[in-house]
>>> print(open('structure20.cif').read())   # mmCIF, C-alpha atoms
data_start
loop_
_atom_site.label_atom_id
_atom_site.label_comp_id
_atom_site.auth_asym_id
_atom_site.auth_seq_id
_atom_site.Cartn_x
_atom_site.Cartn_y
_atom_site.Cartn_z
CA MET A 1067 26.66 23.46 -25.22
CA SER A 1068 23.72 25.64 -24.23
CA LEU A 1069 23.38 26.97 -20.72
CA VAL A 1070 19.59 26.72 -20.89
CA ILE A 1071 19.72 23.01 -21.80
CA TYR A 1072 22.23 22.29 -19.02
CA ILE A 1073 19.92 23.89 -16.47
CA ALA A 1074 16.85 22.14 -17.90
CA VAL A 1075 18.56 18.72 -17.73
CA MET A 1076 19.73 19.41 -14.19
CA ALA A 1077 16.35 20.58 -12.93
CA GLY A 1078 14.40 17.92 -14.85
CA VAL A 1079 16.36 14.95 -13.52
CA THR A 1080 16.28 16.32 -9.98
CA TYR A 1081 12.52 16.91 -10.11
CA PHE A 1082 11.68 13.45 -11.48
CA ILE A 1083 13.67 11.72 -8.74
CA ARG A 1084 11.58 13.55 -6.17
CA MET A 1085 8.26 13.30 -7.97
CA ILE A 1086 8.02 9.64 -9.06
CA PRO A 1087 7.89 7.96 -5.59
CA PHE A 1088 5.69 10.78 -4.30
CA ALA A 1089 3.12 10.41 -7.05
CA ALA A 1090 3.31 6.61 -7.34
CA PHE A 1091 2.85 5.48 -3.72
CA ARG A 1092 -0.79 6.14 -2.92
CA ARG A 1093 -1.67 3.74 -0.18
CA GLN A 1094 -0.29 2.75 3.17
CA ILE A 1095 2.40 0.08 2.78
CA LYS A 1096 1.31 -3.10 4.60
CA SER A 1097 4.58 -4.98 5.05
CA ARG A 1098 5.84 -4.55 8.60
CA PHE A 1099 9.44 -4.87 7.43
CA PHE A 1100 9.06 -2.20 4.77
CA ARG A 1101 7.20 0.15 7.13
CA SER A 1102 9.94 -0.29 9.73
CA PHE A 1103 12.54 0.34 7.03
CA LEU A 1104 10.86 3.61 6.02
CA PHE A 1105 10.52 4.62 9.68
CA TYR A 1106 14.31 4.35 10.09
CA VAL A 1107 15.26 5.93 6.74
CA PRO A 1108 15.22 9.58 7.95
CA TYR A 1109 17.58 8.91 10.85
CA ALA A 1110 19.85 6.74 8.69
CA VAL A 1111 20.02 9.28 5.85
CA LEU A 1112 20.60 12.28 8.11
CA THR A 1113 23.33 10.56 10.11
CA ALA A 1114 25.08 9.28 6.98
CA MET A 1115 25.03 12.81 5.56
CA THR A 1116 26.32 14.37 8.77
CA ILE A 1117 29.14 11.99 9.66
CA PRO A 1118 31.89 12.50 8.74
CA ALA A 1119 30.95 15.49 6.51
CA ILE A 1120 30.36 17.80 9.49
CA PHE A 1121 34.06 17.67 10.37
CA TYR A 1122 34.91 19.16 6.96
CA SER A 1123 32.18 21.79 7.01
CA THR A 1124 34.10 24.75 8.43
CA GLY A 1125 37.47 24.47 6.70
CA SER A 1126 39.13 23.39 9.97
CA MET A 1127 38.65 20.07 11.77
CA ALA A 1128 39.29 21.71 15.15
CA THR A 1129 36.59 24.38 14.85
CA ALA A 1130 34.19 21.83 13.34
CA ALA A 1131 34.81 19.47 16.27
CA VAL A 1132 33.99 22.25 18.74
CA GLY A 1133 30.81 23.12 16.82
CA THR A 1134 29.83 19.43 16.66
CA ALA A 1135 30.34 18.96 20.41
CA VAL A 1136 28.15 21.98 21.15
CA ALA A 1137 25.46 20.67 18.77
CA VAL A 1138 25.48 17.20 20.38
CA VAL A 1139 25.17 18.57 23.92
CA LEU A 1140 22.38 21.03 23.06
CA ALA A 1141 20.52 18.40 21.02
CA TYR A 1142 20.79 16.00 23.96
CA LEU A 1143 19.17 18.71 26.12
CA ASP A 1144 16.29 18.86 23.60
CA MET A 1145 16.93 22.44 22.50
CA PRO A 1146 15.03 23.77 19.46
CA LEU A 1147 16.60 23.18 16.01
CA ILE A 1148 17.42 26.81 15.40
CA VAL A 1149 19.18 27.14 18.76
CA VAL A 1150 21.30 24.06 18.14
CA ALA A 1151 22.13 25.16 14.59
CA LEU A 1152 23.14 28.73 15.41
CA ALA A 1153 24.96 27.85 18.65
CA ALA A 1154 27.08 25.27 16.80
CA SER A 1155 27.99 27.86 14.20
CA ALA A 1156 28.78 30.49 16.83
CA ALA A 1157 30.94 27.96 18.69
CA ALA A 1158 32.87 27.16 15.50
CA LEU A 1159 33.36 30.89 14.89
CA ALA A 1160 34.56 31.47 18.46
CA ALA A 1161 36.87 28.44 18.28
CA GLY A 1162 38.36 29.84 15.08
CA ALA A 1163 39.14 33.07 16.89
CA VAL A 1164 40.56 31.41 20.04
CA ILE A 1165 42.47 28.38 18.76
CA PRO A 1166 45.34 30.30 17.06
CA PHE A 1167 46.23 31.77 20.45
CA LEU A 1168 46.42 28.36 22.10
CA LEU A 1169 48.89 26.89 19.63
CA MET B 741 -7.03 34.30 3.65
CA LYS B 742 -7.70 34.90 7.31
CA SER B 743 -7.61 31.19 8.08
CA LEU B 744 -4.54 30.70 5.87
CA PHE B 745 -2.42 32.98 8.04
CA SER B 746 -3.99 32.53 11.46
CA LYS B 747 -1.63 31.41 14.16
CA ASN B 748 -2.55 27.74 14.15
CA ALA B 749 -3.07 27.41 10.39
CA PRO B 750 -0.90 24.69 8.83
CA PHE B 751 0.54 27.14 6.30
CA THR B 752 1.73 29.48 9.05
CA LYS B 753 3.15 26.58 11.04
CA GLY B 754 5.03 25.48 7.92
CA LEU B 755 6.44 28.99 7.50
CA ILE B 756 7.60 29.08 11.12
CA ASP B 757 9.10 25.59 11.02
CA GLY B 758 10.89 26.58 7.81
CA VAL B 759 12.74 29.54 9.37
CA PRO B 760 15.69 27.49 10.72
CA ILE B 761 15.94 25.80 7.31
CA ALA B 762 15.88 29.15 5.54
CA LEU B 763 18.61 30.52 7.83
CA GLY B 764 20.76 27.47 7.23
CA TYR B 765 20.11 27.73 3.49
CA LEU B 766 21.12 31.39 3.48
CA SER B 767 24.63 30.42 4.53
CA VAL B 768 24.96 27.37 2.28
CA SER B 769 23.52 28.99 -0.83
CA PHE B 770 25.65 32.04 -0.12
CA GLY B 771 28.61 29.74 -0.67
CA PHE B 772 26.99 28.37 -3.82
CA GLY B 773 26.53 31.93 -5.13
CA ILE B 774 30.21 32.70 -4.62
CA LEU B 775 31.16 29.45 -6.35
CA ALA B 776 28.80 30.00 -9.30
CA VAL B 777 30.11 33.49 -10.04
CA ARG B 778 33.69 32.26 -9.72
CA SER B 779 33.00 29.60 -12.33
CA GLY B 780 31.82 32.23 -14.79
CA LEU B 781 28.02 32.37 -14.36
CA THR B 782 26.06 35.59 -13.95
CA THR B 783 24.17 36.44 -10.76
CA LEU B 784 20.84 35.97 -12.55
CA ILE B 785 21.75 32.49 -13.84
CA SER B 786 23.03 31.49 -10.39
CA VAL B 787 19.71 32.42 -8.78
CA LEU B 788 17.80 30.67 -11.59
CA ILE B 789 19.77 27.46 -10.97
CA SER B 790 18.96 27.66 -7.24
CA ALA B 791 15.27 28.34 -7.91
CA VAL B 792 14.74 25.37 -10.24
CA ASN B 793 16.97 22.82 -8.48
CA LEU B 794 16.80 23.51 -4.74
CA THR B 795 19.67 21.13 -3.96
CA SER B 796 23.15 21.90 -2.67
CA ALA B 797 25.42 19.04 -3.74
CA GLY B 798 23.64 18.64 -7.09
CA GLN B 799 24.01 22.31 -7.95
CA ALA B 800 27.67 22.41 -6.96
CA ALA B 801 28.36 19.41 -9.22
CA GLY B 802 26.19 20.95 -11.94
CA ILE B 803 28.11 24.21 -12.20
CA ALA B 804 31.38 22.25 -12.24
CA ILE B 805 30.09 20.31 -15.27
CA ILE B 806 28.93 23.51 -16.96
CA ALA B 807 32.30 25.15 -16.32
CA ALA B 808 34.14 22.11 -17.70
CA GLY B 809 31.83 21.92 -20.76
CA GLY B 810 30.69 18.36 -19.91
CA SER B 811 28.03 16.50 -21.91
CA TYR B 812 24.30 16.66 -21.16
CA PHE B 813 24.44 12.93 -20.42
CA GLU B 814 27.15 13.48 -17.82
CA MET B 815 24.97 16.20 -16.30
CA ALA B 816 21.93 13.92 -16.15
CA LEU B 817 23.84 10.96 -14.70
CA THR B 818 25.60 13.09 -12.08
CA GLN B 819 22.33 14.63 -10.92
CA LEU B 820 20.72 11.19 -10.83
CA ILE B 821 23.46 9.74 -8.62
CA ILE B 822 23.86 12.69 -6.27
CA ASN B 823 20.14 13.27 -5.87
CA LEU B 824 18.91 9.67 -5.81
CA ARG B 825 18.58 9.94 -2.04
CA TYR B 826 15.61 12.28 -2.61
CA GLY B 827 13.79 9.29 -4.10
CA LEU B 828 14.23 7.44 -0.81
CA MET B 829 13.01 10.50 1.10
CA SER B 830 9.98 10.94 -1.18
CA LEU B 831 9.10 7.30 -0.70
CA SER B 832 9.31 7.70 3.08
CA LEU B 833 7.24 10.91 3.06
CA SER B 834 4.64 9.40 0.70
CA GLN B 835 3.53 7.30 3.69
CA LYS B 836 2.86 10.42 5.77
CA LEU B 837 0.65 12.44 3.39
CA ASP B 838 -2.91 13.13 4.50
CA SER B 839 -5.97 12.37 2.35
CA THR B 840 -6.14 15.87 0.81
CA PHE B 841 -2.98 15.18 -1.16
CA ASN B 842 -4.33 14.79 -4.69
CA THR B 843 -2.12 14.47 -7.76
CA PRO B 844 -1.57 18.20 -8.50
CA ARG B 845 -0.58 18.78 -4.86
CA ARG B 846 1.79 15.83 -4.95
CA LEU B 847 3.37 17.15 -8.16
CA LEU B 848 3.78 20.58 -6.58
CA VAL B 849 5.15 19.48 -3.21
CA ALA B 850 7.57 17.00 -4.86
CA TYR B 851 9.56 20.03 -6.05
CA GLY B 852 10.53 20.85 -2.48
CA ILE B 853 11.80 17.52 -1.11
CA THR B 854 15.25 18.44 0.16
CA ASP B 855 17.36 16.91 2.95
CA GLU B 856 16.26 19.56 5.43
CA ILE B 857 12.61 19.85 4.42
CA PHE B 858 12.38 16.06 4.53
CA ALA B 859 13.99 16.07 7.97
CA VAL B 860 11.59 18.61 9.45
CA ALA B 861 8.53 17.12 7.72
CA SER B 862 9.27 13.58 8.86
CA ALA B 863 9.76 14.80 12.44
CA GLN B 864 6.15 16.12 12.49
CA LYS B 865 3.64 14.26 14.60
CA GLY B 866 0.79 12.77 12.56
CA LEU B 867 0.05 13.22 8.86
CA LEU B 868 1.29 16.05 6.65
CA THR B 869 -1.09 18.51 5.00
CA ALA B 870 -0.36 20.18 1.66
CA ARG B 871 -0.62 23.65 3.23
CA TYR B 872 1.96 22.83 5.87
CA MET B 873 4.32 21.67 3.13
CA TYR B 874 3.66 24.82 1.06
CA GLY B 875 4.67 26.95 4.05
CA LEU B 876 7.77 24.91 4.78
CA ILE B 877 8.88 24.84 1.14
CA SER B 878 8.17 28.49 0.29
CA VAL B 879 10.15 29.99 3.17
CA SER B 880 13.01 27.54 2.59
CA THR B 881 13.12 28.31 -1.15
CA LEU B 882 13.12 32.02 -0.38
CA GLY B 883 16.14 31.53 1.91
CA TRP B 884 17.91 29.39 -0.69
CA CYS B 885 17.45 31.91 -3.51
CA THR B 886 18.18 34.97 -1.35
CA GLY B 887 21.43 33.40 -0.13
CA THR B 888 22.44 32.62 -3.71
CA LEU B 889 21.68 36.20 -4.74
CA LEU B 890 23.70 37.64 -1.85
CA GLY B 891 26.61 35.27 -2.34
CA ALA B 892 26.74 35.84 -6.09
CA SER B 893 26.56 39.61 -5.79
CA ALA B 894 28.48 40.33 -2.57
CA GLY B 895 30.26 37.12 -1.54
CA GLN B 896 33.74 38.54 -1.35
CA LEU B 897 32.70 41.21 1.15
CA LEU B 898 32.24 38.94 4.19
CA PRO B 899 35.23 37.70 6.22
CA ALA B 900 36.15 34.07 5.51
CA SER B 901 35.98 33.18 9.23
CA LEU B 902 32.25 33.95 9.21
CA THR B 903 31.39 32.13 5.98
CA ASN B 904 33.44 29.13 7.16
CA ALA B 905 31.60 28.95 10.48
CA MET B 906 28.26 29.09 8.67
CA GLY B 907 29.15 25.84 6.92
CA ILE B 908 28.19 23.81 10.00
CA VAL B 909 24.64 25.18 10.41
CA LEU B 910 22.73 22.52 8.49
CA TYR B 911 24.70 19.59 9.88
CA ALA B 912 24.06 20.86 13.41
CA MET B 913 20.36 20.94 12.58
CA PHE B 914 20.54 17.28 11.48
CA ILE B 915 22.14 16.39 14.81
CA ALA B 916 19.31 18.18 16.60
CA ILE B 917 16.79 16.10 14.65
CA VAL B 918 18.42 12.69 15.23
CA ILE B 919 19.61 12.84 18.86
CA PRO B 920 16.34 13.39 20.78
CA PRO B 921 14.56 10.33 19.26
CA ALA B 922 17.80 8.32 19.56
CA ARG B 923 17.71 8.95 23.31
CA LYS B 924 14.25 7.43 23.55
CA SER B 925 14.43 4.58 21.04
CA ARG B 926 17.17 1.97 20.96
CA GLY B 927 16.23 1.17 17.35
CA VAL B 928 16.87 4.76 16.24
CA LEU B 929 20.13 4.84 18.20
CA VAL B 930 21.43 1.63 16.61
CA VAL B 931 20.32 2.75 13.13
CA ALA B 932 22.04 6.14 13.49
CA ALA B 933 25.24 4.57 14.84
CA THR B 934 25.28 2.02 12.01
CA ALA B 935 24.75 4.73 9.40
CA ALA B 936 27.64 6.76 10.88
CA VAL B 937 30.01 3.78 10.85
CA CYS B 938 29.05 2.84 7.26
CA SER B 939 29.39 6.42 6.08
CA MET B 940 32.89 6.68 7.58
CA ALA B 941 33.85 3.30 6.11
CA PHE B 942 32.83 4.49 2.63
CA LYS B 943 34.66 7.78 3.03
CA TYR B 944 37.97 6.40 4.33
CA LEU B 945 38.10 2.78 3.13
CA LEU B 946 36.17 2.91 -0.16
CA PRO B 947 36.75 6.46 -1.44
CA GLN B 948 35.94 5.34 -5.01
CA ILE B 949 32.25 5.20 -3.97
CA THR B 950 31.12 8.79 -4.54
CA GLY B 951 29.24 10.87 -1.95
CA GLY B 952 25.70 10.33 -3.25
CA PHE B 953 26.06 6.53 -3.44
CA ALA B 954 27.84 6.37 -0.08
CA ILE B 955 24.84 8.07 1.58
CA ILE B 956 22.32 5.79 -0.12
CA PHE B 957 24.24 2.59 0.69
CA SER B 958 24.87 3.63 4.30
CA ALA B 959 21.24 4.60 4.84
CA VAL B 960 19.86 1.41 3.28
CA ILE B 961 22.20 -0.85 5.27
CA ALA B 962 21.36 0.92 8.55
CA ALA B 963 17.59 1.09 7.94
CA VAL B 964 17.41 -2.58 6.86
CA LEU B 965 19.29 -3.57 10.01
CA GLY B 966 16.88 -1.48 12.10
CA ALA B 967 13.84 -3.01 10.39
CA LEU B 968 15.15 -6.56 10.96
CA VAL B 969 16.30 -6.18 14.57
CA PHE B 970 13.90 -3.52 15.88
CA PRO B 971 10.71 -3.72 13.78
CA VAL B 972 8.24 -0.96 14.66
CA ALA B 973 4.85 -1.77 16.18
CA ASP B 974 1.94 -2.26 13.82
CA GLU B 975 -0.26 0.75 14.54
CA THR B 976 0.63 4.39 13.93
CA GLU B 977 4.32 4.46 14.54
CA VAL B 978 5.27 4.97 10.92
CA ALA B 979 3.16 8.10 10.85
CA GLU B 980 4.86 9.44 13.96
CA PRO B 981 8.58 8.84 13.88
#
>>> encode(input="structure20.cif", output="structure tokens")
Amino acid sequence: MSLVIYIAVMAGVTYFIRMIPFAAFRRQIKSRFFRSFLFYVPYAVLTAMTIPAIFYSTGSMATAAVGTAVAVVLAYLDMPLIVVALAASAAALAAGAVIPFLL
Amino acid sequence: MKSLFSKNAPFTKGLIDGVPIALGYLSVSFGFGILAVRSGLTTLISVLISAVNLTSAGQAAGIAIIAAGGSYFEMALTQLIINLRYGLMSLSLSQKLDSTFNTPRRLLVAYGITDEIFAVASAQKGLLTARYMYGLISVSTLGWCTGTLLGASAGQLLPASLTNAMGIVLYAMFIAIVIPPARKSRGVLVVAATAAVCSMAFKYLLPQITGGFAIIFSAVIAAVLGALVFPVADETEVAEP
């Protein structure tokens, strides 16, 4: 098995999945149902990717839960993306340092 | 070139909007770099894989197949399943492209449709220009490849507590994208809640449905429900989610 062919297959399949709908759909879709569906897709996809995966993202459910809580509160307060992202990570890091002392 | 980099130029705005993505990618692709070297690939090959694929779950599955000596067919099918969600994202974004998007630009920008780039692009008000997308994609790709390079060459040097905590960065960014519109729109709130419930049901009740399919099914169920119960108004709302 050749490494170059593996990488070419991987990259080729991934590119075509992205490219075909992008190149094929030229005009505004008329159907109200389909337009509503596409309007909701981003929120549906992002939420499905986040939950429950976020709770497994730091190697410890407890630190991930702390990070998630911080992210939810800051997002609710309309903070910028980068602030929410880094604060959640910092909270998970801090929780990892503190939690062993509480148990 | 002056207009390309001026403060309000779409390319510059894309670069700026891409910075949080690039920072998140640094940490995730750092992990990928560590993983790739552990499974026997060189640093150069690891960075090459990141540069031509630009996808986290797909690459992780890909190096596992390479390490196990799987068939090319298995590689193609796995990538298709894990990355099929990009097709849904491309379809959604295709409705937001401005009139300057000719075929070569579409072919170029298609390379950079990732979860995070899609998320930031679809949160933009109004239509998307090619230059904005170039900015967004180039800074994100730079972060993805740099993280891979660092992880592959120096991964073992950082403390595990830090690399673990970095794992949450991108998910936190997704939360920051979904919650503000969910506060304002009951449709978005119901769709997001439905997607979360479906995703958990697949994970804990139907674990035989793999991650890529679980995301697609959950998203389609939730978005269909939203479209049926809370159809959007006829005018410009699709262009400005």
>>> resolve_selection(input="structure20.cif", expression="the PyMOL selection byres ((chain A and resi 1072) around 9)", output="JSON, numbers by chain")
{"A": [1067, 1068, 1069, 1070, 1071, 1073, 1074, 1075, 1076, 1077], "B": [802, 805, 806, 811, 812, 815, 816]}
>>> residues_around(input="structure20.cif", residues="stretch 1156-1159 of chain A", least_positions_apart="2", cutoff="7 Å", atoms="all atoms listed in the file", output="PDB file with C-alpha atoms, in the frame of the given file")
ATOM      1  CA  THR A1129      36.590  24.380  14.850  1.00  0.00           C
ATOM      2  CA  ALA A1130      34.190  21.830  13.340  1.00  0.00           C
ATOM      3  CA  VAL A1132      33.990  22.250  18.740  1.00  0.00           C
ATOM      4  CA  GLY A1133      30.810  23.120  16.820  1.00  0.00           C
ATOM      5  CA  LEU A1152      23.140  28.730  15.410  1.00  0.00           C
ATOM      6  CA  ALA A1153      24.960  27.850  18.650  1.00  0.00           C
ATOM      7  CA  ALA A1154      27.080  25.270  16.800  1.00  0.00           C
ATOM      8  CA  ALA A1161      36.870  28.440  18.280  1.00  0.00           C
ATOM      9  CA  GLY A1162      38.360  29.840  15.080  1.00  0.00           C
ATOM     10  CA  ALA A1163      39.140  33.070  16.890  1.00  0.00           C
TER      11      ALA A1163
ATOM     12  CA  SER B 901      35.980  33.180   9.230  1.00  0.00           C
ATOM     13  CA  LEU B 902      32.250  33.950   9.210  1.00  0.00           C
ATOM     14  CA  ALA B 905      31.600  28.950  10.480  1.00  0.00           C
TER      15      ALA B 905
END
>>> residues_around(input="structure20.cif", residues="stretch 1104-1116 of chain A", least_positions_apart="4", cutoff="7 Å", atoms="only C-alpha atoms", output="compact mmCIF listing (two decimals) with C-alpha atoms, in the frame of the given file")
# COMPACT_ATOMS: atom_id res chain seq x y z
CA PHE A 1100 9.06 -2.20 4.77
CA ILE A 1120 30.36 17.80 9.49
CA SER B 832 9.31 7.70 3.08
CA ALA B 859 13.99 16.07 7.97
CA TYR B 911 24.70 19.59 9.88
CA PHE B 914 20.54 17.28 11.48
CA VAL B 918 18.42 12.69 15.23
CA VAL B 928 16.87 4.76 16.24
CA VAL B 931 20.32 2.75 13.13
CA ALA B 932 22.04 6.14 13.49
CA ALA B 935 24.75 4.73 9.40
CA ALA B 936 27.64 6.76 10.88
CA SER B 939 29.39 6.42 6.08
CA ILE B 955 24.84 8.07 1.58
CA SER B 958 24.87 3.63 4.30
CA ALA B 959 21.24 4.60 4.84
CA ALA B 962 21.36 0.92 8.55
CA ALA B 963 17.59 1.09 7.94
CA GLY B 966 16.88 -1.48 12.10
CA VAL B 978 5.27 4.97 10.92
CA PRO B 981 8.58 8.84 13.88
>>> atom_distance(input="structure20.cif", atom1="atom CA of A:Phe1099", atom2="atom CA of B:Gly852")
27.6 Å
>>> atom_distance(input="structure20.cif", atom1="atom CA of A:Leu1147", atom2="atom CA of B:Thr840")
28.3 Å
>>> resolve_selection(input="structure20.cif", expression="the PyMOL selection byres ((chain A and resi 1091) around 10)", output="list in words")
Ile1086, Pro1087, Phe1088, Ala1089, Ala1090, Arg1092, Arg1093, Gln1094 and Ile1095 of chain A; Ser830, Leu831, Ser832, Leu833, Ser834 and Gln835 of chain B
>>> resolve_selection(input="structure20.cif", expression="the PyMOL selection byres ((chain B and resi 971) around 9)", output="list of chain:residue names")
A:Arg1098, A:Phe1099, A:Arg1101, A:Ser1102, A:Phe1103, B:Gly927, B:Gly966, B:Ala967, B:Leu968, B:Val969, B:Phe970, B:Val972, B:Ala973, B:Asp974
>>> residues_around(input="structure20.cif", residues="A:Ala1141", least_positions_apart="3", cutoff="10 Å", atoms="only C-alpha atoms", output="NGL selection string")
(:A and (1135-1138 or 1144-1147 or 1149-1151)) or (:B and (912-920))
>>> atom_distance(input="structure20.cif", atom1="atom CA of B:Ser796", atom2="atom CA of B:Thr888")
10.8 Å
>>> axis_aligned_box(input="structure20.cif", around="stretch 1126-1135 of chain A", padding_each_side="5 Å", output="AutoDock Vina command-line options")
--center_x 34.6 --center_y 21.7 --center_z 15.2 --size_x 19.5 --size_y 15.4 --size_z 20.4
>>> residues_near_point(input="structure20.cif", point="(2.8, 26.3, 5.4)", cutoff="8 Å", atoms="only C-alpha atoms", output="VMD selection string")
chain B and resid 749 to 756 870 to 878
>>> write_last_selection(input="structure20.cif", atoms="C-alpha atoms", output="PDB file, in the frame of the given file")
ATOM      1  CA  ALA B 749      -3.070  27.410  10.390  1.00  0.00           C
ATOM      2  CA  PRO B 750      -0.900  24.690   8.830  1.00  0.00           C
ATOM      3  CA  PHE B 751       0.540  27.140   6.300  1.00  0.00           C
ATOM      4  CA  THR B 752       1.730  29.480   9.050  1.00  0.00           C
ATOM      5  CA  LYS B 753       3.150  26.580  11.040  1.00  0.00           C
ATOM      6  CA  GLY B 754       5.030  25.480   7.920  1.00  0.00           C
ATOM      7  CA  LEU B 755       6.440  28.990   7.500  1.00  0.00           C
ATOM      8  CA  ILE B 756       7.600  29.080  11.120  1.00  0.00           C
ATOM      9  CA  ALA B 870      -0.360  20.180   1.660  1.00  0.00           C
ATOM     10  CA  ARG B 871      -0.620  23.650   3.230  1.00  0.00           C
ATOM     11  CA  TYR B 872       1.960  22.830   5.870  1.00  0.00           C
ATOM     12  CA  MET B 873       4.320  21.670   3.130  1.00  0.00           C
ATOM     13  CA  TYR B 874       3.660  24.820   1.060  1.00  0.00           C
ATOM     14  CA  GLY B 875       4.670  26.950   4.050  1.00  0.00           C
ATOM     15  CA  LEU B 876       7.770  24.910   4.780  1.00  0.00           C
ATOM     16  CA  ILE B 877       8.880  24.840   1.140  1.00  0.00           C
ATOM     17  CA  SER B 878       8.170  28.490   0.290  1.00  0.00           C
TER      18      SER B 878
END
>>> build_atoms(input="structure20.cif", residues="stretch 1138-1157 of chain A", atoms="N, CA and C atoms", output="mmCIF file, in the coordinates of the input")
data_model
loop_
_atom_site.group_PDB
_atom_site.id
_atom_site.type_symbol
_atom_site.label_atom_id
_atom_site.label_comp_id
_atom_site.auth_asym_id
_atom_site.auth_seq_id
_atom_site.Cartn_x
_atom_site.Cartn_y
_atom_site.Cartn_z
ATOM 1 N N VAL A 1138 25.880 18.469 19.746
ATOM 2 C CA VAL A 1138 25.480 17.200 20.380
ATOM 3 C C VAL A 1138 24.927 17.463 21.785
ATOM 4 N N VAL A 1139 25.621 18.298 22.556
ATOM 5 C CA VAL A 1139 25.170 18.570 23.920
ATOM 6 C C VAL A 1139 23.806 19.264 23.919
ATOM 7 N N LEU A 1140 23.657 20.301 23.083
ATOM 8 C CA LEU A 1140 22.380 21.030 23.060
ATOM 9 C C LEU A 1140 21.238 20.157 22.532
ATOM 10 N N ALA A 1141 21.549 19.307 21.549
ATOM 11 C CA ALA A 1141 20.520 18.400 21.020
ATOM 12 C C ALA A 1141 20.100 17.403 22.101
ATOM 13 N N TYR A 1142 21.074 16.935 22.883
ATOM 14 C CA TYR A 1142 20.790 16.000 23.960
ATOM 15 C C TYR A 1142 19.871 16.653 24.991
ATOM 16 N N LEU A 1143 20.017 17.969 25.168
ATOM 17 C CA LEU A 1143 19.170 18.710 26.120
ATOM 18 C C LEU A 1143 17.836 19.119 25.483
ATOM 19 N N ASP A 1144 17.569 18.602 24.262
ATOM 20 C CA ASP A 1144 16.290 18.860 23.600
ATOM 21 C C ASP A 1144 16.043 20.317 23.239
ATOM 22 N N MET A 1145 17.087 21.046 22.908
ATOM 23 C CA MET A 1145 16.930 22.440 22.500
ATOM 24 C C MET A 1145 16.305 22.506 21.109
ATOM 25 N N PRO A 1146 15.627 23.636 20.790
ATOM 26 C CA PRO A 1146 15.030 23.770 19.460
ATOM 27 C C PRO A 1146 16.092 23.731 18.345
ATOM 28 N N LEU A 1147 15.668 23.323 17.138
ATOM 29 C CA LEU A 1147 16.600 23.180 16.010
ATOM 30 C C LEU A 1147 17.416 24.434 15.768
ATOM 31 N N ILE A 1148 16.735 25.566 15.758
ATOM 32 C CA ILE A 1148 17.420 26.810 15.400
ATOM 33 C C ILE A 1148 18.482 27.157 16.425
ATOM 34 N N VAL A 1149 18.205 26.862 17.691
ATOM 35 C CA VAL A 1149 19.180 27.140 18.760
ATOM 36 C C VAL A 1149 20.421 26.276 18.562
ATOM 37 N N VAL A 1150 20.187 24.975 18.333
ATOM 38 C CA VAL A 1150 21.300 24.060 18.140
ATOM 39 C C VAL A 1150 22.135 24.500 16.930
ATOM 40 N N ALA A 1151 21.440 24.822 15.834
ATOM 41 C CA ALA A 1151 22.130 25.160 14.590
ATOM 42 C C ALA A 1151 22.989 26.418 14.742
ATOM 43 N N LEU A 1152 22.403 27.474 15.311
ATOM 44 C CA LEU A 1152 23.140 28.730 15.410
ATOM 45 C C LEU A 1152 24.228 28.667 16.488
ATOM 46 N N ALA A 1153 23.952 27.964 17.593
ATOM 47 C CA ALA A 1153 24.960 27.850 18.650
ATOM 48 C C ALA A 1153 26.183 27.080 18.143
ATOM 49 N N ALA A 1154 25.963 26.035 17.347
ATOM 50 C CA ALA A 1154 27.080 25.270 16.800
ATOM 51 C C ALA A 1154 27.940 26.157 15.908
ATOM 52 N N SER A 1155 27.268 26.964 15.107
ATOM 53 C CA SER A 1155 27.990 27.860 14.200
ATOM 54 C C SER A 1155 28.760 28.925 14.986
ATOM 55 N N ALA A 1156 28.112 29.485 16.003
ATOM 56 C CA ALA A 1156 28.780 30.490 16.830
ATOM 57 C C ALA A 1156 29.980 29.880 17.551
ATOM 58 N N ALA A 1157 29.835 28.619 18.015
ATOM 59 C CA ALA A 1157 30.940 27.960 18.690
ATOM 60 C C ALA A 1157 32.114 27.737 17.738
#
